[in-house]
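Engineer: Can you keep this structure in mind? I'll have questions shortly.
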Amino acid sequence: MARPCDELQQTIDTLRGPGGCPWDRKQDLVSASRYLMDEAGELLDAALEGDPAHAREELGDLLFMVSFCCRILAEEQPLTMDDVAREGNQKLIRRHPHVFGGTSATTTEESQERWNEIKADEKRAKGLDPDAASALKDMPASTAPLHQAHDYQKDAARVGFDWPDLDGVWAKIREEEGELHEAVTENDPAAVEHEMGDLLFALVNLSRRLGVQPDLALRKANTRFRARFHLVEEEFRGTGTPLAEAELDAMEAAWQRAKKRLAG
């Protein structure tokens, strides 16, 4: 009896093969990778919702896209899902000597240090000089900007490029806020964009120092806004008054009621 993962691969082979689905046959590794990113985002949404059934469904979609990408790559070189799993497993074991080898690590910082040391050794084995590399790890252009900013700042802090305490971070935010206000006052669109970016970057740094993942915090804020706004729309539909024609004070009152309903 075939394993479910083998059955999934057989289905993908049929979709990609002669007489298969035109859409599936049309995809290349670039387009499939983009869809994989979309599925990963949907899994994160399900996780944030705290919905195990939805997360399970999205895991299935994500597994399909991983298998689909593997099938596309296999059309260019000998490759199976077992090969991918084997290489991934070997890398995990190699980068966790404190679990599978003779070293030890009792804190997350120590385990991360071991991980980075082994990555550096792997670069040397490939003829690369890890010491010549930037402290900022390479990140794809598709990385969410908030996450990118957070990781750049974390990497810089690892080599000492960081404020000694939160006072410096707060001061930087106030500085960037003032510069943004000045750019707005001068009606300089290019400067407004520049300073807005600097202010957002400074806020991400505060988020990092407070131990908050900025992209997750914003996702949750977006979810709260969407839920509250839907209640506001629902309330005005019930009164027969188009939301676009309502007074701002009435909308604000409805917003506060929505907040209370969802909080309760």
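Starting from 1 in every chain, residues are counted up; chains themselves are A, B, ... following the order of the structure tokens, and ligands are numbered from 1 as listed.
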Please identify all polymer residues within 8 Å of Lys172 in chain A, counting only C-alpha atoms, omitting same-chain residues fewer than 4 positions from it, and present them as a list in words.

Structural biologist: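 What passes the distance filter is Gly168, Glu176 and Ala202 of chain A.
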
Engineer: What does the distance between CA of Ala263 in chain A and CA of Ala46 in chain A come to in Å, to one decimal place?

Structural biologist: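 We find that CA of Ala263 in chain A and CA of Ala46 in chain A lie 20.3 Å from each other.
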
Engineer: In terms of the shortest atom-to-atom distance over only C-alpha atoms, which of A:Leu216, A:Ala120, A:Val159, A:Val169 is closest to Ala47 in chain A?

Structural biologist: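 Under the stated criterion, the closest residue is A:Leu216.
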
Engineer: Just list the residues in range 12-256 of chain A DSSP gives helix (DSSP H, G or I) on the backbone, as a count of residues only.

Structural biologist: 186

Engineer: To one decimal place in Å, what is the distance between CA of Lys26 in chain A and CA of Phe68 in chain A?

Structural biologist: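 Calculated distance between CA of Lys26 in chain A and CA of Phe68 in chain A is 12.2 Å.
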
Engineer: My list of candidates is A:Leu203, A:Glu110, A:Met196, A:Met1. Which is closest to Val184 in chain A when distances are computed with only C-alpha atoms?

Structural biologist: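 The closest residue to Val184 in chain A is A:Met196.
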
Engineer: So that I can check the surroundings of range 232-240 of chain A, please list as a list in words every protein, DNA and RNA residue that reaches within 8 Å of it, counting only C-alpha atoms and ignoring chain neighbours fewer than 6 positions away.

Structural biologist: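 Near range 232-240 of chain A, the qualifying residues are Met251, Ala254, Trp255 and Ala258 of chain A.
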
Engineer: Got time to write the residues from that selection, C-alpha atoms, as a compact mmCIF listing (two decimals), in the first residue's frame?

Structural biologist:
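Written out: result_21.txt:
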# COMPACT_ATOMS: atom_id res chain seq x y z
CA MET A 251 -18.27 56.12 13.26
CA ALA A 254 -19.47 52.54 16.59
CA TRP A 255 -15.77 51.71 16.57
CA ALA A 258 -17.00 47.16 18.27
